[in-house]
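Visitor: Structure provided below as structure tokens; questions to follow.
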Amino acid sequence: MKSETLSQNLDQEAIEVFIDSLAHFYRQIGVDEAQIGVPYLLDSNKTIISDFTGIIGVSGKRKGCVYYTCPKAMLSYILLAMGEKEVSSSYLCDLVGEIANTIAGNARKAFGSDFMISVPVVVQGKPERIQLPESTRSVVIPAKWKFYESIIVVALE
Amino acid sequence: MKRMMIVDDSTVIRRRIERTHGLDNYVVVGSASDGLQAVEVARQRTPDLITIDLTMPNMDGIDAIPILAEVCPGARILVVSALADKATAIRALSRGAHGFLCKPFTDDELRDALHELVSD
């Protein structure tokens, strides 16, 4: 069986766009110690979900979705790093949606305005399902902070 | 004292903008979480300065900007958005915005963008 590569599922430039976008986000909010890991392909029919997830639908030239999922401890730290004093589930849900929106929105610098993004859908805990495109496998971009790992999943046709 | 209004569907971002250091000459007179609400608040509070996101439910920033410019003709409008492509920035400016700041932003970047806008 022929093994699949990342670039068969999402071109290298697109992967780099999301890596840069994620790294830029952590730098700008002062969470410099978050380390972007090596991207990998997600097994078909699988999803990776952490405590809080922000999902952005993508339409236009590219179709599919981008989602950001993060453990509560890491998301709480990001919220505090942004100067917020109050850490509540409501603010964590708000923040995870905002991060997903920011990373997907920043990708338009490379993809152009035909890369159309939805307002975020936010889920706390495990969603029933996330609709991913069937014709392509998702690319996972991890970012580690201390013992925790947030993830961007890019599933684009 | 400049009267400022903050429009963003994220509460975290609205609060972040509000507590940005070095904005002593600004008082927040209103906030809104979408374009429709922004138009109502702007009518009542007549801000001098409006920060507005673009991707919002109900009415997005691109549609709200010309209405806000009509409702508050003297107000300066700063777009604060994650949509980082040039075409979107040009579109927002052509519809009546005066400046564009890309998310994620630092306190310094926001403060500089606001100061630049009001000193034009």
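Every chain in the structure tokens takes a letter, A first, then B, and so on in the order presented; its residues are numbered from 1, and the ligands are numbered from 1 following the presented order.
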Which residues of chain B are close to chain A, meaning at most 7 Å apart when you count only C-alpha atoms, and how do they look as a PDB file with N, CA and C atoms, in the first residue's frame?
Guide:
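Listed below is the output, result02.pdb:
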```
ATOM      1  N   SER B  10     -16.460  39.064  20.132  1.00  0.00           N
ATOM      2  CA  SER B  10     -15.752  38.398  21.229  1.00  0.00           C
ATOM      3  C   SER B  10     -15.697  39.317  22.457  1.00  0.00           C
ATOM      4  N   THR B  11     -16.278  38.845  23.567  1.00  0.00           N
ATOM      5  CA  THR B  11     -16.217  39.608  24.824  1.00  0.00           C
ATOM      6  C   THR B  11     -14.764  39.762  25.272  1.00  0.00           C
ATOM      7  N   VAL B  12     -13.976  38.695  25.099  1.00  0.00           N
ATOM      8  CA  VAL B  12     -12.569  38.723  25.517  1.00  0.00           C
ATOM      9  C   VAL B  12     -11.825  39.845  24.781  1.00  0.00           C
ATOM     10  N   THR B  55     -15.644  40.037  10.962  1.00  0.00           N
ATOM     11  CA  THR B  55     -16.408  38.780  10.956  1.00  0.00           C
ATOM     12  C   THR B  55     -17.296  38.732  12.197  1.00  0.00           C
ATOM     13  N   MET B  56     -18.566  39.039  12.014  1.00  0.00           N
ATOM     14  CA  MET B  56     -19.520  39.042  13.128  1.00  0.00           C
ATOM     15  C   MET B  56     -20.864  38.518  12.629  1.00  0.00           C
ATOM     16  N   PRO B  57     -21.672  37.958  13.537  1.00  0.00           N
ATOM     17  CA  PRO B  57     -23.000  37.485  13.131  1.00  0.00           C
ATOM     18  C   PRO B  57     -23.951  38.662  12.874  1.00  0.00           C
ATOM     19  N   ALA B  82      -9.053  39.844  11.991  1.00  0.00           N
ATOM     20  CA  ALA B  82      -8.077  38.796  11.652  1.00  0.00           C
ATOM     21  C   ALA B  82      -7.951  38.609  10.142  1.00  0.00           C
ATOM     22  N   LEU B  83      -8.871  39.188   9.383  1.00  0.00           N
ATOM     23  CA  LEU B  83      -8.847  38.991   7.920  1.00  0.00           C
ATOM     24  C   LEU B  83      -7.675  39.792   7.349  1.00  0.00           C
ATOM     25  N   ALA B  84      -6.609  39.072   7.021  1.00  0.00           N
ATOM     26  CA  ALA B  84      -5.328  39.734   6.786  1.00  0.00           C
ATOM     27  C   ALA B  84      -5.025  40.015   5.315  1.00  0.00           C
ATOM     28  N   ASP B  85      -5.977  39.781   4.417  1.00  0.00           N
ATOM     29  CA  ASP B  85      -5.682  40.016   3.001  1.00  0.00           C
ATOM     30  C   ASP B  85      -5.874  41.487   2.644  1.00  0.00           C
ATOM     31  N   ALA B  87      -7.117  42.872  -0.047  1.00  0.00           N
ATOM     32  CA  ALA B  87      -8.401  43.226  -0.677  1.00  0.00           C
ATOM     33  C   ALA B  87      -9.439  43.592   0.386  1.00  0.00           C
ATOM     34  N   THR B  88      -9.437  42.868   1.499  1.00  0.00           N
ATOM     35  CA  THR B  88     -10.408  43.154   2.563  1.00  0.00           C
ATOM     36  C   THR B  88     -10.109  44.509   3.202  1.00  0.00           C
ATOM     37  N   LYS B 103      -5.517  41.455  13.703  1.00  0.00           N
ATOM     38  CA  LYS B 103      -5.409  40.588  14.886  1.00  0.00           C
ATOM     39  C   LYS B 103      -4.453  39.454  14.554  1.00  0.00           C
ATOM     40  N   PRO B 104      -3.717  38.917  15.497  1.00  0.00           N
ATOM     41  CA  PRO B 104      -3.641  39.317  16.903  1.00  0.00           C
ATOM     42  C   PRO B 104      -2.750  40.548  17.052  1.00  0.00           C
ATOM     43  N   PHE B 105      -3.105  41.466  17.956  1.00  0.00           N
ATOM     44  CA  PHE B 105      -2.369  42.707  18.116  1.00  0.00           C
ATOM     45  C   PHE B 105      -1.780  42.792  19.522  1.00  0.00           C
ATOM     46  N   THR B 106      -0.723  43.566  19.638  1.00  0.00           N
ATOM     47  CA  THR B 106      -0.162  43.846  20.968  1.00  0.00           C
ATOM     48  C   THR B 106      -0.777  45.156  21.466  1.00  0.00           C
TER      49      THR B 106
END
```
Visitor: For Val96 in chain A, find every residue with an atom within 12 Å (counting only C-alpha atoms), except residues of its own chain fewer than 4 positions away, and show them as a PyMOL selection string.
Guide: (chain A and resi 50-56+67-72+74-76+78-79+89-92+100-103+120-124+150-152) or (chain B and resi 10-13)
Visitor: Please provide as a list in words all residues within 9 Å of Met5 in chain B, with the sequence filter that same-chain residues fewer than 3 positions apart are discarded (counting only C-alpha atoms).
Guide: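 The contact residues come out as Val27, Val28, Val29, Gly30, Ser31, Ala32, Ala38, Val41, Ala42, Arg45, Thr46, Pro47, Asp48, Leu49, Ile50, Thr51 and Ile52 of chain B.
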Visitor: Could you write out that same residue set with N, CA, C and O atoms as a short mmCIF file (atom, residue, chain, number, x, y, z; two decimals), in the first residue's frame?
Guide:
```
data_model
loop_
_atom_site.label_atom_id
_atom_site.label_comp_id
_atom_site.auth_asym_id
_atom_site.auth_seq_id
_atom_site.Cartn_x
_atom_site.Cartn_y
_atom_site.Cartn_z
N VAL B 27 -12.42 57.37 26.63
CA VAL B 27 -13.41 56.79 27.52
C VAL B 27 -14.34 55.92 26.66
O VAL B 27 -14.77 56.35 25.58
N VAL B 28 -14.56 54.68 27.12
CA VAL B 28 -15.44 53.77 26.35
C VAL B 28 -16.89 54.12 26.67
O VAL B 28 -17.33 53.98 27.81
N VAL B 29 -17.61 54.60 25.66
CA VAL B 29 -19.00 55.02 25.89
C VAL B 29 -20.01 53.97 25.45
O VAL B 29 -21.20 54.11 25.69
N GLY B 30 -19.53 52.92 24.80
CA GLY B 30 -20.45 51.88 24.37
C GLY B 30 -19.72 50.73 23.73
O GLY B 30 -18.56 50.87 23.32
N SER B 31 -20.38 49.58 23.68
CA SER B 31 -19.81 48.43 22.98
C SER B 31 -20.94 47.64 22.34
O SER B 31 -22.12 47.79 22.73
N ALA B 32 -20.59 46.82 21.37
CA ALA B 32 -21.60 46.03 20.66
C ALA B 32 -20.95 44.75 20.15
O ALA B 32 -19.75 44.70 19.94
N ALA B 38 -24.27 47.66 16.86
CA ALA B 38 -23.33 48.79 16.80
C ALA B 38 -24.02 50.05 16.29
O ALA B 38 -23.80 51.14 16.82
N VAL B 41 -26.20 51.47 19.11
CA VAL B 41 -25.39 52.07 20.18
C VAL B 41 -24.76 53.38 19.68
O VAL B 41 -24.74 54.38 20.40
N ALA B 42 -24.30 53.39 18.44
CA ALA B 42 -23.67 54.59 17.89
C ALA B 42 -24.65 55.75 17.81
O ALA B 42 -24.29 56.90 18.09
N ARG B 45 -24.95 56.99 21.52
CA ARG B 45 -23.77 57.47 22.26
C ARG B 45 -22.86 58.39 21.47
O ARG B 45 -21.92 58.96 22.04
N THR B 46 -23.09 58.50 20.16
CA THR B 46 -22.26 59.35 19.26
C THR B 46 -20.75 59.34 19.60
O THR B 46 -20.19 60.34 20.06
N PRO B 47 -20.10 58.20 19.39
CA PRO B 47 -18.66 58.11 19.68
C PRO B 47 -17.81 58.93 18.69
O PRO B 47 -18.25 59.20 17.57
N ASP B 48 -16.59 59.30 19.13
CA ASP B 48 -15.63 59.97 18.25
C ASP B 48 -14.78 58.95 17.51
O ASP B 48 -14.17 59.25 16.49
N LEU B 49 -14.71 57.76 18.10
CA LEU B 49 -13.78 56.73 17.61
C LEU B 49 -14.46 55.36 17.76
O LEU B 49 -15.03 55.07 18.81
N ILE B 50 -14.40 54.57 16.68
CA ILE B 50 -15.04 53.25 16.73
C ILE B 50 -14.01 52.20 16.31
O ILE B 50 -13.38 52.33 15.26
N THR B 51 -13.81 51.16 17.14
CA THR B 51 -13.03 50.01 16.68
C THR B 51 -14.05 48.94 16.30
O THR B 51 -15.01 48.70 17.04
N ILE B 52 -13.85 48.32 15.15
CA ILE B 52 -14.85 47.35 14.67
C ILE B 52 -14.21 46.12 14.05
O ILE B 52 -13.27 46.24 13.26
#
```
Visitor: One number please: CA of Val66 in chain A to CA of Ser81 in chain B, in Å, one decimal.
Guide: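 According to the coordinates, CA of Val66 in chain A and CA of Ser81 in chain B are separated by 17.7 Å.
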Visitor: For Ile77 in chain B, find every residue with an atom within 10 Å (counting only C-alpha atoms), except residues of its own chain fewer than 2 positions away, and show them as a list in words.
Guide: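 So, after excluding close chain neighbours, the residues are Met4, Met5, Pro47, Asp48, Leu49, Ile50, Thr51, Ile52, Ile65, Leu68, Ala69, Cys72, Gly74, Ala75, Val79, Val80, Ala92, Leu93, Gly96, Ala97, His98, Gly99, Phe100, Leu114, Leu117 and Val118 of chain B.
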Visitor: Print the selection's residues with N, CA and C atoms to a file, as a PDB file, in the first residue's frame.
Guide:
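Output saved as result-v5.pdb:
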```pdb
ATOM      1  N   MET B   4     -15.092  56.564  22.848  1.00  0.00           N
ATOM      2  CA  MET B   4     -14.749  55.385  22.034  1.00  0.00           C
ATOM      3  C   MET B   4     -15.836  54.309  22.129  1.00  0.00           C
ATOM      4  N   MET B   5     -16.092  53.651  21.002  1.00  0.00           N
ATOM      5  CA  MET B   5     -17.025  52.515  20.999  1.00  0.00           C
ATOM      6  C   MET B   5     -16.284  51.280  20.460  1.00  0.00           C
ATOM      7  N   PRO B  47     -20.101  58.200  19.390  1.00  0.00           N
ATOM      8  CA  PRO B  47     -18.659  58.115  19.683  1.00  0.00           C
ATOM      9  C   PRO B  47     -17.813  58.931  18.692  1.00  0.00           C
ATOM     10  N   ASP B  48     -16.593  59.302  19.133  1.00  0.00           N
ATOM     11  CA  ASP B  48     -15.633  59.972  18.246  1.00  0.00           C
ATOM     12  C   ASP B  48     -14.775  58.950  17.509  1.00  0.00           C
ATOM     13  N   LEU B  49     -14.705  57.758  18.100  1.00  0.00           N
ATOM     14  CA  LEU B  49     -13.785  56.733  17.609  1.00  0.00           C
ATOM     15  C   LEU B  49     -14.460  55.362  17.759  1.00  0.00           C
ATOM     16  N   ILE B  50     -14.403  54.574  16.685  1.00  0.00           N
ATOM     17  CA  ILE B  50     -15.040  53.248  16.728  1.00  0.00           C
ATOM     18  C   ILE B  50     -14.010  52.203  16.314  1.00  0.00           C
ATOM     19  N   THR B  51     -13.812  51.164  17.145  1.00  0.00           N
ATOM     20  CA  THR B  51     -13.033  50.009  16.684  1.00  0.00           C
ATOM     21  C   THR B  51     -14.051  48.941  16.301  1.00  0.00           C
ATOM     22  N   ILE B  52     -13.853  48.318  15.148  1.00  0.00           N
ATOM     23  CA  ILE B  52     -14.854  47.352  14.674  1.00  0.00           C
ATOM     24  C   ILE B  52     -14.205  46.122  14.049  1.00  0.00           C
ATOM     25  N   ILE B  65     -19.911  49.410   8.465  1.00  0.00           N
ATOM     26  CA  ILE B  65     -19.037  50.602   8.384  1.00  0.00           C
ATOM     27  C   ILE B  65     -19.721  51.796   7.689  1.00  0.00           C
ATOM     28  N   LEU B  68     -22.384  53.246   9.986  1.00  0.00           N
ATOM     29  CA  LEU B  68     -21.788  53.944  11.132  1.00  0.00           C
ATOM     30  C   LEU B  68     -21.215  55.295  10.689  1.00  0.00           C
ATOM     31  N   ALA B  69     -20.618  55.322   9.501  1.00  0.00           N
ATOM     32  CA  ALA B  69     -20.047  56.570   8.986  1.00  0.00           C
ATOM     33  C   ALA B  69     -21.151  57.605   8.748  1.00  0.00           C
ATOM     34  N   CYS B  72     -22.608  58.552  12.498  1.00  0.00           N
ATOM     35  CA  CYS B  72     -21.631  59.382  13.240  1.00  0.00           C
ATOM     36  C   CYS B  72     -20.616  59.935  12.247  1.00  0.00           C
ATOM     37  N   GLY B  74     -18.589  62.321  12.117  1.00  0.00           N
ATOM     38  CA  GLY B  74     -17.281  62.796  12.582  1.00  0.00           C
ATOM     39  C   GLY B  74     -16.414  61.699  13.168  1.00  0.00           C
ATOM     40  N   ALA B  75     -16.970  60.505  13.306  1.00  0.00           N
ATOM     41  CA  ALA B  75     -16.227  59.441  14.011  1.00  0.00           C
ATOM     42  C   ALA B  75     -15.130  58.851  13.126  1.00  0.00           C
ATOM     43  N   VAL B  79     -10.702  49.457  11.855  1.00  0.00           N
ATOM     44  CA  VAL B  79     -11.039  48.041  11.730  1.00  0.00           C
ATOM     45  C   VAL B  79      -9.998  47.222  12.488  1.00  0.00           C
ATOM     46  N   VAL B  80     -10.463  46.323  13.348  1.00  0.00           N
ATOM     47  CA  VAL B  80      -9.556  45.418  14.084  1.00  0.00           C
ATOM     48  C   VAL B  80     -10.016  44.006  13.746  1.00  0.00           C
ATOM     49  N   ALA B  92     -12.649  47.665   3.208  1.00  0.00           N
ATOM     50  CA  ALA B  92     -13.104  48.328   4.441  1.00  0.00           C
ATOM     51  C   ALA B  92     -12.814  49.830   4.376  1.00  0.00           C
ATOM     52  N   LEU B  93     -11.634  50.184   3.885  1.00  0.00           N
ATOM     53  CA  LEU B  93     -11.264  51.604   3.801  1.00  0.00           C
ATOM     54  C   LEU B  93     -12.150  52.334   2.784  1.00  0.00           C
ATOM     55  N   GLY B  96     -15.480  53.444   4.195  1.00  0.00           N
ATOM     56  CA  GLY B  96     -15.566  54.506   5.207  1.00  0.00           C
ATOM     57  C   GLY B  96     -14.685  54.322   6.421  1.00  0.00           C
ATOM     58  N   ALA B  97     -13.938  53.197   6.499  1.00  0.00           N
ATOM     59  CA  ALA B  97     -13.010  53.036   7.627  1.00  0.00           C
ATOM     60  C   ALA B  97     -11.790  53.934   7.400  1.00  0.00           C
ATOM     61  N   HIS B  98     -11.113  54.293   8.489  1.00  0.00           N
ATOM     62  CA  HIS B  98      -9.946  55.180   8.383  1.00  0.00           C
ATOM     63  C   HIS B  98      -8.629  54.465   8.661  1.00  0.00           C
ATOM     64  N   GLY B  99      -8.702  53.270   9.262  1.00  0.00           N
ATOM     65  CA  GLY B  99      -7.486  52.528   9.567  1.00  0.00           C
ATOM     66  C   GLY B  99      -7.785  51.043   9.701  1.00  0.00           C
ATOM     67  N   PHE B 100      -6.729  50.234   9.665  1.00  0.00           N
ATOM     68  CA  PHE B 100      -6.898  48.777   9.724  1.00  0.00           C
ATOM     69  C   PHE B 100      -5.793  48.193  10.594  1.00  0.00           C
ATOM     70  N   LEU B 114      -4.583  53.683  17.270  1.00  0.00           N
ATOM     71  CA  LEU B 114      -5.610  54.636  17.721  1.00  0.00           C
ATOM     72  C   LEU B 114      -5.070  56.062  17.719  1.00  0.00           C
ATOM     73  N   LEU B 117      -4.817  57.393  14.268  1.00  0.00           N
ATOM     74  CA  LEU B 117      -6.140  57.674  13.699  1.00  0.00           C
ATOM     75  C   LEU B 117      -6.681  59.024  14.168  1.00  0.00           C
ATOM     76  N   VAL B 118      -6.533  59.299  15.455  1.00  0.00           N
ATOM     77  CA  VAL B 118      -7.108  60.557  15.966  1.00  0.00           C
ATOM     78  C   VAL B 118      -6.215  61.768  15.683  1.00  0.00           C
TER      79      VAL B 118
END
```
Visitor: Could you tell me, as a ChimeraX atom specification, which residues of range 62-156 of chain A DSSP assigns to alpha helix (DSSP H) when given the backbone?
Guide: /A:72-81,89-106,108-111
Visitor: Can you write out the residues you just picked, keeping N, CA and C atoms, as a compact mmCIF listing (two decimals), in the first residue's frame?
Guide:
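Printed below is result.txt as written:
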```txt
# COMPACT_ATOMS: atom_id res chain seq x y z
N LYS A 72 -8.04 22.89 28.81
CA LYS A 72 -8.51 24.00 29.65
C LYS A 72 -7.33 24.75 30.30
N ALA A 73 -6.33 24.00 30.82
CA ALA A 73 -5.22 24.65 31.52
C ALA A 73 -4.45 25.59 30.59
N MET A 74 -4.21 25.15 29.38
CA MET A 74 -3.45 25.97 28.43
C MET A 74 -4.26 27.18 27.98
N LEU A 75 -5.54 26.96 27.74
CA LEU A 75 -6.41 28.06 27.31
C LEU A 75 -6.55 29.10 28.42
N SER A 76 -6.61 28.63 29.66
CA SER A 76 -6.69 29.54 30.82
C SER A 76 -5.43 30.39 30.89
N TYR A 77 -4.28 29.77 30.63
CA TYR A 77 -3.01 30.49 30.66
C TYR A 77 -2.98 31.56 29.57
N ILE A 78 -3.47 31.21 28.39
CA ILE A 78 -3.50 32.17 27.28
C ILE A 78 -4.39 33.36 27.65
N LEU A 79 -5.53 33.06 28.26
CA LEU A 79 -6.46 34.13 28.67
C LEU A 79 -5.79 35.08 29.66
N LEU A 80 -5.09 34.51 30.63
CA LEU A 80 -4.38 35.33 31.62
C LEU A 80 -3.26 36.13 30.96
N ALA A 81 -2.56 35.49 30.00
CA ALA A 81 -1.47 36.18 29.28
C ALA A 81 -2.01 37.38 28.50
N SER A 89 -15.77 29.51 32.11
CA SER A 89 -16.04 28.69 30.92
C SER A 89 -16.53 29.56 29.77
N SER A 90 -17.31 30.57 30.12
CA SER A 90 -17.85 31.46 29.09
C SER A 90 -16.70 32.19 28.35
N TYR A 91 -15.72 32.70 29.10
CA TYR A 91 -14.60 33.39 28.47
C TYR A 91 -13.70 32.41 27.71
N LEU A 92 -13.56 31.19 28.23
CA LEU A 92 -12.72 30.20 27.54
C LEU A 92 -13.36 29.81 26.21
N CYS A 93 -14.69 29.66 26.20
CA CYS A 93 -15.39 29.37 24.95
C CYS A 93 -15.21 30.52 23.96
N ASP A 94 -15.37 31.73 24.46
CA ASP A 94 -15.20 32.93 23.63
C ASP A 94 -13.79 32.96 23.03
N LEU A 95 -12.80 32.70 23.89
CA LEU A 95 -11.40 32.77 23.45
C LEU A 95 -11.06 31.70 22.41
N VAL A 96 -11.52 30.48 22.62
CA VAL A 96 -11.17 29.41 21.67
C VAL A 96 -11.75 29.72 20.28
N GLY A 97 -12.94 30.31 20.26
CA GLY A 97 -13.54 30.72 18.99
C GLY A 97 -12.73 31.84 18.35
N GLU A 98 -12.28 32.77 19.16
CA GLU A 98 -11.51 33.91 18.67
C GLU A 98 -10.14 33.45 18.11
N ILE A 99 -9.54 32.48 18.78
CA ILE A 99 -8.24 31.96 18.29
C ILE A 99 -8.44 31.27 16.94
N ALA A 100 -9.46 30.44 16.85
CA ALA A 100 -9.73 29.74 15.57
C ALA A 100 -9.97 30.76 14.46
N ASN A 101 -10.77 31.78 14.78
CA ASN A 101 -11.07 32.83 13.80
C ASN A 101 -9.81 33.59 13.39
N THR A 102 -8.96 33.87 14.36
CA THR A 102 -7.73 34.63 14.07
C THR A 102 -6.79 33.83 13.17
N ILE A 103 -6.60 32.56 13.50
CA ILE A 103 -5.67 31.74 12.71
C ILE A 103 -6.20 31.53 11.28
N ALA A 104 -7.49 31.25 11.17
CA ALA A 104 -8.07 31.06 9.83
C ALA A 104 -8.09 32.39 9.07
N GLY A 105 -8.41 33.47 9.76
CA GLY A 105 -8.47 34.79 9.11
C GLY A 105 -7.11 35.24 8.62
N ASN A 106 -6.09 34.99 9.41
CA ASN A 106 -4.72 35.37 9.02
C ASN A 106 -4.27 34.61 7.78
N ARG A 108 -5.79 34.23 5.19
CA ARG A 108 -6.22 34.94 3.98
C ARG A 108 -5.11 35.82 3.40
N LYS A 109 -4.12 36.13 4.23
CA LYS A 109 -2.98 36.91 3.71
C LYS A 109 -2.33 36.14 2.57
N ALA A 110 -2.28 34.81 2.70
CA ALA A 110 -1.68 33.98 1.65
C ALA A 110 -2.71 33.51 0.63
N PHE A 111 -3.92 33.16 1.11
CA PHE A 111 -4.90 32.56 0.21
C PHE A 111 -5.78 33.58 -0.52
```
Visitor: Calculated over only C-alpha atoms, which of the candidates B:Glu109, B:Ser119, B:Gly35, B:His21 has the smallest distance to Val7 in chain B?
Guide: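 Closest residue, counting only C-alpha atoms: B:Gly35.
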